[in-house]
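Next comes model25.pdb, with PDB, N, CA and C atoms.
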```pdb
MODEL        1
ATOM      1  N   MET A  18      96.671  90.970  49.447
ATOM      2  CA  MET A  18      97.675  90.213  50.160
ATOM      3  C   MET A  18      99.073  90.577  49.666
ATOM      4  N   LYS A  19      99.225  90.796  48.359
ATOM      5  CA  LYS A  19     100.521  91.187  47.814
ATOM      6  C   LYS A  19     100.947  92.548  48.365
ATOM      7  N   LYS A  20      99.956  93.419  48.545
ATOM      8  CA  LYS A  20     100.256  94.738  49.089
ATOM      9  C   LYS A  20     100.804  94.609  50.515
ATOM     10  N   PHE A  21     100.244  93.703  51.285
ATOM     11  CA  PHE A  21     100.707  93.471  52.659
ATOM     12  C   PHE A  21     102.167  93.029  52.673
ATOM     13  N   TYR A  22     102.516  92.081  51.809
ATOM     14  CA  TYR A  22     103.894  91.592  51.753
ATOM     15  C   TYR A  22     104.861  92.679  51.280
ATOM     16  N   LYS A  23     104.418  93.507  50.344
ATOM     17  CA  LYS A  23     105.265  94.605  49.892
ATOM     18  C   LYS A  23     105.515  95.599  51.022
ATOM     19  N   LEU A  24     104.469  95.918  51.767
ATOM     20  CA  LEU A  24     104.633  96.827  52.902
ATOM     21  C   LEU A  24     105.520  96.215  53.981
ATOM     22  N   LEU A  25     105.342  94.939  54.239
ATOM     23  CA  LEU A  25     106.174  94.257  55.224
ATOM     24  C   LEU A  25     107.646  94.279  54.806
ATOM     25  N   LEU A  26     107.915  94.023  53.551
ATOM     26  CA  LEU A  26     109.280  94.072  53.035
ATOM     27  C   LEU A  26     109.842  95.486  53.117
ATOM     28  N   LEU A  27     109.033  96.466  52.787
ATOM     29  CA  LEU A  27     109.469  97.856  52.848
ATOM     30  C   LEU A  27     109.820  98.261  54.278
ATOM     31  N   TYR A  28     108.949  97.951  55.221
ATOM     32  CA  TYR A  28     109.198  98.300  56.624
ATOM     33  C   TYR A  28     110.410  97.558  57.189
ATOM     34  N   SER A  29     110.587  96.321  56.793
ATOM     35  CA  SER A  29     111.710  95.553  57.337
ATOM     36  C   SER A  29     113.053  96.017  56.782
ATOM     37  N   THR A  30     113.070  96.646  55.624
ATOM     38  CA  THR A  30     114.333  97.144  55.073
ATOM     39  C   THR A  30     114.608  98.592  55.469
ATOM     40  N   ILE A  31     113.577  99.353  55.748
ATOM     41  CA  ILE A  31     113.762 100.762  56.096
ATOM     42  C   ILE A  31     114.007 100.951  57.587
ATOM     43  N   LEU A  32     113.282 100.238  58.407
ATOM     44  CA  LEU A  32     113.391 100.422  59.848
ATOM     45  C   LEU A  32     114.708  99.867  60.367
ATOM     46  N   PRO A  33     115.397 100.636  61.203
ATOM     47  CA  PRO A  33     116.641 100.104  61.785
ATOM     48  C   PRO A  33     116.320  99.088  62.875
ATOM     49  N   PHE A  34     117.153  98.089  62.954
ATOM     50  CA  PHE A  34     116.976  97.057  63.966
ATOM     51  C   PHE A  34     118.124  97.134  64.954
ATOM     52  N   SER A  35     117.832  96.896  66.208
ATOM     53  CA  SER A  35     118.896  96.767  67.202
ATOM     54  C   SER A  35     118.492  95.681  68.177
ATOM     55  N   LEU A  36     119.461  94.923  68.594
ATOM     56  CA  LEU A  36     119.237  93.853  69.550
ATOM     57  C   LEU A  36     120.043  94.134  70.803
ATOM     58  N   GLN A  37     119.466  93.792  71.939
ATOM     59  CA  GLN A  37     120.176  93.976  73.196
ATOM     60  C   GLN A  37     119.845  92.806  74.099
ATOM     61  N   ALA A  38     120.863  92.231  74.684
ATOM     62  CA  ALA A  38     120.656  91.107  75.597
ATOM     63  C   ALA A  38     120.171  91.625  76.940
ATOM     64  N   GLN A  39     119.663  90.736  77.734
ATOM     65  CA  GLN A  39     119.202  91.084  79.067
ATOM     66  C   GLN A  39     120.411  91.130  79.991
ATOM     67  N   LEU A  40     120.791  92.319  80.384
ATOM     68  CA  LEU A  40     121.936  92.495  81.268
ATOM     69  C   LEU A  40     121.430  92.935  82.628
ATOM     70  N   ASP A  41     121.666  92.133  83.625
ATOM     71  CA  ASP A  41     121.258  92.469  84.980
ATOM     72  C   ASP A  41     122.381  93.211  85.676
ATOM     73  N   PRO A  42     122.034  94.217  86.481
ATOM     74  CA  PRO A  42     123.079  94.888  87.260
ATOM     75  C   PRO A  42     123.752  93.902  88.208
ATOM     76  N   LEU A  43     125.031  94.119  88.453
ATOM     77  CA  LEU A  43     125.794  93.238  89.333
ATOM     78  C   LEU A  43     125.674  93.722  90.770
ATOM     79  N   TYR A  44     125.211  92.852  91.644
ATOM     80  CA  TYR A  44     125.081  93.197  93.058
ATOM     81  C   TYR A  44     126.024  92.316  93.860
ATOM     82  N   ASN A  45     126.839  92.943  94.687
ATOM     83  CA  ASN A  45     127.665  92.158  95.580
ATOM     84  C   ASN A  45     127.507  92.607  97.026
ATOM     85  N   GLN A  46     126.735  93.643  97.273
ATOM     86  CA  GLN A  46     126.505  94.130  98.629
ATOM     87  C   GLN A  46     125.047  93.889  99.024
ATOM     88  N   TYR A  47     124.513  92.723  98.696
ATOM     89  CA  TYR A  47     123.106  92.455  98.957
ATOM     90  C   TYR A  47     122.785  92.393 100.443
ATOM     91  N   PHE A  48     123.767  92.148 101.308
ATOM     92  CA  PHE A  48     123.507  92.101 102.744
ATOM     93  C   PHE A  48     123.052  93.470 103.253
ATOM     94  N   PHE A  49     123.588  94.535 102.670
ATOM     95  CA  PHE A  49     123.236  95.890 103.078
ATOM     96  C   PHE A  49     121.980  96.392 102.383
ATOM     97  N   ASN A  50     121.526  95.713 101.368
ATOM     98  CA  ASN A  50     120.394  96.173 100.573
ATOM     99  C   ASN A  50     119.532  94.972 100.185
ATOM    100  N   GLN A  51     118.952  94.316 101.174
ATOM    101  CA  GLN A  51     118.226  93.070 100.932
ATOM    102  C   GLN A  51     116.948  93.273 100.128
ATOM    103  N   ALA A  52     116.348  94.448 100.205
ATOM    104  CA  ALA A  52     115.136  94.709  99.430
ATOM    105  C   ALA A  52     115.426  94.759  97.933
ATOM    106  N   MET A  53     116.679  94.947  97.557
ATOM    107  CA  MET A  53     117.046  94.947  96.145
ATOM    108  C   MET A  53     116.903  93.547  95.551
ATOM    109  N   ILE A  54     117.241  92.534  96.309
ATOM    110  CA  ILE A  54     117.161  91.153  95.848
ATOM    111  C   ILE A  54     115.750  90.600  96.019
ATOM    112  N   ASN A  55     115.109  90.919  97.147
ATOM    113  CA  ASN A  55     113.780  90.393  97.450
ATOM    114  C   ASN A  55     112.870  91.538  97.892
ATOM    115  N   PRO A  56     111.957  92.002  97.035
ATOM    116  CA  PRO A  56     111.082  93.119  97.391
ATOM    117  C   PRO A  56     110.187  92.839  98.600
ATOM    118  N   ALA A  57     110.001  91.579  98.977
ATOM    119  CA  ALA A  57     109.198  91.262 100.159
ATOM    120  C   ALA A  57     109.874  91.745 101.436
ATOM    121  N   TYR A  58     111.157  92.044 101.367
ATOM    122  CA  TYR A  58     111.890  92.546 102.527
ATOM    123  C   TYR A  58     111.574  94.018 102.805
ATOM    124  N   THR A  59     110.867  94.670 101.913
ATOM    125  CA  THR A  59     110.525  96.080 102.063
ATOM    126  C   THR A  59     109.711  96.302 103.328
ATOM    127  N   GLY A  60     110.183  97.186 104.198
ATOM    128  CA  GLY A  60     109.459  97.545 105.410
ATOM    129  C   GLY A  60     109.558  96.555 106.544
ATOM    130  N   VAL A  61     110.422  95.562 106.479
ATOM    131  CA  VAL A  61     110.523  94.534 107.522
ATOM    132  C   VAL A  61     111.002  95.121 108.846
ATOM    133  N   ASN A  62     111.930  96.073 108.804
ATOM    134  CA  ASN A  62     112.518  96.609 110.030
ATOM    135  C   ASN A  62     111.659  97.654 110.733
ATOM    136  N   ASP A  63     110.520  98.006 110.207
ATOM    137  CA  ASP A  63     109.599  98.985 110.792
ATOM    138  C   ASP A  63     110.231 100.361 110.959
ATOM    139  N   VAL A  64     111.227 100.694 110.163
ATOM    140  CA  VAL A  64     111.868 102.006 110.197
ATOM    141  C   VAL A  64     112.106 102.474 108.764
ATOM    142  N   PHE A  65     112.384 103.770 108.623
ATOM    143  CA  PHE A  65     112.780 104.314 107.330
ATOM    144  C   PHE A  65     114.212 103.891 107.051
ATOM    145  N   ASN A  66     114.472 103.381 105.862
ATOM    146  CA  ASN A  66     115.801 102.892 105.511
ATOM    147  C   ASN A  66     116.163 103.407 104.121
ATOM    148  N   ALA A  67     117.316 104.052 104.011
ATOM    149  CA  ALA A  67     117.820 104.518 102.715
ATOM    150  C   ALA A  67     119.229 103.972 102.536
ATOM    151  N   THR A  68     119.484 103.391 101.374
ATOM    152  CA  THR A  68     120.781 102.789 101.088
ATOM    153  C   THR A  68     121.269 103.274  99.730
ATOM    154  N   ALA A  69     122.513 103.723  99.676
ATOM    155  CA  ALA A  69     123.151 104.099  98.413
ATOM    156  C   ALA A  69     124.423 103.267  98.276
ATOM    157  N   ILE A  70     124.527 102.547  97.171
ATOM    158  CA  ILE A  70     125.682 101.679  96.938
ATOM    159  C   ILE A  70     126.217 101.949  95.534
ATOM    160  N   SER A  71     127.530 102.042  95.430
ATOM    161  CA  SER A  71     128.186 102.208  94.141
ATOM    162  C   SER A  71     129.206 101.087  93.976
ATOM    163  N   ARG A  72     129.200 100.468  92.814
ATOM    164  CA  ARG A  72     130.124  99.368  92.543
ATOM    165  C   ARG A  72     130.871  99.686  91.258
ATOM    166  N   LEU A  73     132.191  99.729  91.344
ATOM    167  CA  LEU A  73     133.050  99.963  90.191
ATOM    168  C   LEU A  73     133.943  98.747  90.009
ATOM    169  N   GLN A  74     133.739  98.061  88.903
ATOM    170  CA  GLN A  74     134.531  96.866  88.617
ATOM    171  C   GLN A  74     135.655  97.247  87.662
ATOM    172  N   TRP A  75     136.818  96.659  87.831
ATOM    173  CA  TRP A  75     137.981  96.898  86.973
ATOM    174  C   TRP A  75     138.348  98.384  86.970
ATOM    175  N   ALA A  76     138.575  98.947  88.128
ATOM    176  CA  ALA A  76     138.901 100.368  88.259
ATOM    177  C   ALA A  76     140.105 100.729  87.399
ATOM    178  N   GLY A  77     140.016 101.855  86.722
ATOM    179  CA  GLY A  77     141.105 102.340  85.890
ATOM    180  C   GLY A  77     141.025 101.916  84.437
ATOM    181  N   ILE A  78     140.120 101.027  84.104
ATOM    182  CA  ILE A  78     139.971 100.570  82.723
ATOM    183  C   ILE A  78     138.786 101.303  82.105
ATOM    184  N   GLU A  79     139.013 101.874  80.927
ATOM    185  CA  GLU A  79     137.955 102.622  80.261
ATOM    186  C   GLU A  79     136.799 101.694  79.878
ATOM    187  N   GLY A  80     135.584 102.123  80.153
ATOM    188  CA  GLY A  80     134.404 101.329  79.842
ATOM    189  C   GLY A  80     134.114 100.241  80.852
ATOM    190  N   ALA A  81     134.759 100.298  82.007
ATOM    191  CA  ALA A  81     134.545  99.276  83.042
ATOM    192  C   ALA A  81     133.109  99.342  83.556
ATOM    193  N   PRO A  82     132.526  98.207  83.914
ATOM    194  CA  PRO A  82     131.152  98.195  84.425
ATOM    195  C   PRO A  82     131.032  98.928  85.762
ATOM    196  N   THR A  83     130.006  99.756  85.880
ATOM    197  CA  THR A  83     129.690 100.415  87.147
ATOM    198  C   THR A  83     128.202 100.259  87.412
ATOM    199  N   THR A  84     127.862 100.107  88.669
ATOM    200  CA  THR A  84     126.469 100.012  89.086
ATOM    201  C   THR A  84     126.266 100.926  90.281
ATOM    202  N   ASN A  85     125.299 101.831  90.185
ATOM    203  CA  ASN A  85     124.948 102.731  91.276
ATOM    204  C   ASN A  85     123.486 102.494  91.629
ATOM    205  N   THR A  86     123.209 102.295  92.912
ATOM    206  CA  THR A  86     121.836 102.045  93.344
ATOM    207  C   THR A  86     121.473 102.960  94.498
ATOM    208  N   LEU A  87     120.233 103.368  94.520
ATOM    209  CA  LEU A  87     119.651 104.106  95.634
ATOM    210  C   LEU A  87     118.346 103.403  95.966
ATOM    211  N   ASN A  88     118.225 102.947  97.205
ATOM    212  CA  ASN A  88     117.053 102.190  97.626
ATOM    213  C   ASN A  88     116.473 102.831  98.881
ATOM    214  N   VAL A  89     115.168 103.058  98.888
ATOM    215  CA  VAL A  89     114.476 103.649 100.028
ATOM    216  C   VAL A  89     113.301 102.746 100.383
ATOM    217  N   THR A  90     113.204 102.349 101.666
ATOM    218  CA  THR A  90     112.082 101.538 102.133
ATOM    219  C   THR A  90     111.583 102.092 103.459
ATOM    220  N   THR A  91     110.314 101.852 103.734
ATOM    221  CA  THR A  91     109.729 102.280 105.000
ATOM    222  C   THR A  91     108.485 101.455 105.295
ATOM    223  N   SER A  92     108.049 101.510 106.538
ATOM    224  CA  SER A  92     106.792 100.879 106.942
ATOM    225  C   SER A  92     105.695 101.934 106.959
ATOM    226  N   ALA A  93     104.472 101.504 106.766
ATOM    227  CA  ALA A  93     103.338 102.426 106.767
ATOM    228  C   ALA A  93     102.110 101.716 107.323
ATOM    229  N   PHE A  94     101.097 102.487 107.652
ATOM    230  CA  PHE A  94      99.814 101.967 108.122
ATOM    231  C   PHE A  94      99.991 101.018 109.307
ATOM    232  N   ASN A  95     100.527 101.571 110.402
ATOM    233  CA  ASN A  95     100.750 100.810 111.641
ATOM    234  C   ASN A  95     101.650  99.596 111.419
ATOM    235  N   ASN A  96     102.657  99.764 110.616
ATOM    236  CA  ASN A  96     103.643  98.716 110.314
ATOM    237  C   ASN A  96     103.031  97.473 109.675
ATOM    238  N   LYS A  97     101.925  97.624 108.989
ATOM    239  CA  LYS A  97     101.302  96.496 108.280
ATOM    240  C   LYS A  97     101.750  96.422 106.818
ATOM    241  N   VAL A  98     102.257  97.534 106.304
ATOM    242  CA  VAL A  98     102.593  97.636 104.888
ATOM    243  C   VAL A  98     104.028  98.139 104.750
ATOM    244  N   GLY A  99     104.739  97.619 103.789
ATOM    245  CA  GLY A  99     106.067  98.116 103.452
ATOM    246  C   GLY A  99     106.037  98.759 102.076
ATOM    247  N   LEU A 100     106.622  99.938 101.968
ATOM    248  CA  LEU A 100     106.682 100.668 100.704
ATOM    249  C   LEU A 100     108.139 100.990 100.395
ATOM    250  N   GLY A 101     108.487 100.966  99.127
ATOM    251  CA  GLY A 101     109.867 101.267  98.782
ATOM    252  C   GLY A 101     110.042 101.610  97.319
ATOM    253  N   GLY A 102     111.196 102.153  97.025
ATOM    254  CA  GLY A 102     111.555 102.491  95.658
ATOM    255  C   GLY A 102     113.040 102.293  95.447
ATOM    256  N   THR A 103     113.412 101.959  94.231
ATOM    257  CA  THR A 103     114.806 101.702  93.893
ATOM    258  C   THR A 103     115.151 102.407  92.588
ATOM    259  N   LEU A 104     116.275 103.091  92.583
ATOM    260  CA  LEU A 104     116.812 103.716  91.383
ATOM    261  C   LEU A 104     118.154 103.057  91.088
ATOM    262  N   ILE A 105     118.311 102.559  89.874
ATOM    263  CA  ILE A 105     119.530 101.853  89.472
ATOM    264  C   ILE A 105     120.082 102.523  88.215
ATOM    265  N   TYR A 106     121.358 102.851  88.244
ATOM    266  CA  TYR A 106     122.049 103.356  87.059
ATOM    267  C   TYR A 106     123.226 102.425  86.801
ATOM    268  N   ASP A 107     123.205 101.761  85.673
ATOM    269  CA  ASP A 107     124.180 100.727  85.343
ATOM    270  C   ASP A 107     124.854 101.090  84.023
ATOM    271  N   THR A 108     126.182 101.085  83.993
ATOM    272  CA  THR A 108     126.913 101.336  82.750
ATOM    273  C   THR A 108     127.883 100.189  82.499
ATOM    274  N   TYR A 109     128.062  99.869  81.241
ATOM    275  CA  TYR A 109     128.979  98.815  80.823
ATOM    276  C   TYR A 109     129.416  99.156  79.403
ATOM    277  N   GLY A 110     130.664  99.569  79.277
ATOM    278  CA  GLY A 110     131.155  99.993  77.970
ATOM    279  C   GLY A 110     130.472 101.269  77.534
ATOM    280  N   ILE A 111     129.959 101.281  76.319
ATOM    281  CA  ILE A 111     129.264 102.468  75.819
ATOM    282  C   ILE A 111     127.773 102.426  76.135
ATOM    283  N   ASN A 112     127.310 101.351  76.733
ATOM    284  CA  ASN A 112     125.895 101.194  77.054
ATOM    285  C   ASN A 112     125.614 101.642  78.479
ATOM    286  N   SER A 113     124.394 102.123  78.688
ATOM    287  CA  SER A 113     123.956 102.459  80.042
ATOM    288  C   SER A 113     122.476 102.136  80.166
ATOM    289  N   ASN A 114     122.064 101.893  81.389
ATOM    290  CA  ASN A 114     120.679 101.527  81.653
ATOM    291  C   ASN A 114     120.252 102.188  82.956
ATOM    292  N   THR A 115     119.085 102.806  82.954
ATOM    293  CA  THR A 115     118.524 103.415  84.153
ATOM    294  C   THR A 115     117.192 102.743  84.440
ATOM    295  N   GLU A 116     117.007 102.308  85.685
ATOM    296  CA  GLU A 116     115.764 101.651  86.099
ATOM    297  C   GLU A 116     115.198 102.361  87.314
ATOM    298  N   PHE A 117     113.879 102.365  87.415
ATOM    299  CA  PHE A 117     113.201 102.813  88.623
ATOM    300  C   PHE A 117     112.134 101.778  88.942
ATOM    301  N   ASN A 118     112.189 101.226  90.142
ATOM    302  CA  ASN A 118     111.253 100.180  90.551
ATOM    303  C   ASN A 118     110.556 100.593  91.839
ATOM    304  N   LEU A 119     109.313 100.200  91.973
ATOM    305  CA  LEU A 119     108.558 100.400  93.206
ATOM    306  C   LEU A 119     108.293  99.046  93.843
ATOM    307  N   ALA A 120     108.256  99.024  95.182
ATOM    308  CA  ALA A 120     108.017  97.768  95.902
ATOM    309  C   ALA A 120     106.918  97.985  96.934
ATOM    310  N   TYR A 121     106.131  96.940  97.141
ATOM    311  CA  TYR A 121     105.043  96.952  98.113
ATOM    312  C   TYR A 121     105.018  95.593  98.795
ATOM    313  N   SER A 122     104.861  95.599 100.109
ATOM    314  CA  SER A 122     104.726  94.332 100.826
ATOM    315  C   SER A 122     103.666  94.496 101.909
ATOM    316  N   TYR A 123     102.986  93.422 102.204
ATOM    317  CA  TYR A 123     101.955  93.411 103.239
ATOM    318  C   TYR A 123     102.317  92.338 104.248
ATOM    319  N   LYS A 124     102.271  92.707 105.528
ATOM    320  CA  LYS A 124     102.672  91.777 106.584
ATOM    321  C   LYS A 124     101.468  90.989 107.074
ATOM    322  N   ILE A 125     101.625  89.691 107.147
ATOM    323  CA  ILE A 125     100.589  88.786 107.644
ATOM    324  C   ILE A 125     101.159  88.039 108.838
ATOM    325  N   ALA A 126     100.497  88.147 109.972
ATOM    326  CA  ALA A 126     100.952  87.447 111.177
ATOM    327  C   ALA A 126     100.699  85.950 111.014
ATOM    328  N   THR A 127     101.710  85.156 111.285
ATOM    329  CA  THR A 127     101.572  83.706 111.148
ATOM    330  C   THR A 127     101.523  82.999 112.495
ATOM    331  N   ALA A 128     101.781  83.704 113.560
ATOM    332  CA  ALA A 128     101.741  83.063 114.875
ATOM    333  C   ALA A 128     100.930  83.878 115.853
TER     334      ALA A 128
ENDMDL
END
```
Represent the supplied structure as structure tokens.
Amino acid sequence: MKKFYKLLLLYSTILPFSLQAQLDPLYNQYFFNQAMINPAYTGVNDVFNATAISRLQWAGIEGAPTTNTLNVTTSAFNNKVGLGGTLIYDTYGINSNTEFNLAYSYKIATA
């Protein structure tokens, strides 16, 4: 048991620690890219849809937050299924974050 505590102390002092808060990308053009907010919207229009949006906040200031998104959605299998993908590149100061998400939706007739 003493050996375990010694190893735990050794690892906790040698290993570098870093903390990062949960930072969500800022979206203000959700009307043009509704599948970004709600993945169930994927494939609703029964057409291929590609959206690219770039948001630059505080233009001209070094380290200003920027968010770039590319979203692609389409219908498949006789318009019963919606498929999509989203690529997000978000920068804020010296930090940056890249995300890739996939979306799937299935249409159920209610009437």
Margin query: Excluding Leu73 (chain A) and its own-chain neighbours fewer than 3 positions away, which residues fall within 8 Å of it when counting all atoms listed in the file? Please give them as number ranges by chain.
Written below: A: 70, 76-77, 81-85
Selected residues written out, N, CA and C atoms, as a JSON list (two decimals), in the frame of the given file:
```json
[["chain", "number", "residue", "atom", "x", "y", "z"],
["A", 70, "ILE", "N", 124.53, 102.55, 97.17],
["A", 70, "ILE", "CA", 125.68, 101.68, 96.94],
["A", 70, "ILE", "C", 126.22, 101.95, 95.53],
["A", 76, "ALA", "N", 138.57, 98.95, 88.13],
["A", 76, "ALA", "CA", 138.90, 100.37, 88.26],
["A", 76, "ALA", "C", 140.10, 100.73, 87.40],
["A", 77, "GLY", "N", 140.02, 101.86, 86.72],
["A", 77, "GLY", "CA", 141.10, 102.34, 85.89],
["A", 77, "GLY", "C", 141.02, 101.92, 84.44],
["A", 81, "ALA", "N", 134.76, 100.30, 82.01],
["A", 81, "ALA", "CA", 134.54, 99.28, 83.04],
["A", 81, "ALA", "C", 133.11, 99.34, 83.56],
["A", 82, "PRO", "N", 132.53, 98.21, 83.91],
["A", 82, "PRO", "CA", 131.15, 98.20, 84.42],
["A", 82, "PRO", "C", 131.03, 98.93, 85.76],
["A", 83, "THR", "N", 130.01, 99.76, 85.88],
["A", 83, "THR", "CA", 129.69, 100.42, 87.15],
["A", 83, "THR", "C", 128.20, 100.26, 87.41],
["A", 84, "THR", "N", 127.86, 100.11, 88.67],
["A", 84, "THR", "CA", 126.47, 100.01, 89.09],
["A", 84, "THR", "C", 126.27, 100.93, 90.28],
["A", 85, "ASN", "N", 125.30, 101.83, 90.18],
["A", 85, "ASN", "CA", 124.95, 102.73, 91.28],
["A", 85, "ASN", "C", 123.49, 102.49, 91.63]]
```
Checklist line | Hits of the PyMOL selection byres ((chain A and resi 121) around 5) in this structure, as an MDAnalysis selection string | finding: chainID A and resid 99:100 119:120 122:123
Margin query: Given all atoms listed in the file as the basis, pick out the residue of A:Thr127, A:Gln74, A:Ser29, A:Thr90 nearest to Ala52 (chain A).
Written below: A:Thr90
Note to self: My list of candidates is A:Thr108, A:Thr30, A:Thr103, A:Ser92. Which is closest to Thr68 (chain A) when distances are computed with only C-alpha atoms?
What the structure shows: A:Thr103
Next item on the list: Take atom C of Ala67 (chain A) and atom C of Leu87 (chain A) and report the distance between them in Å, one decimal.
Entry: 6.7 Å
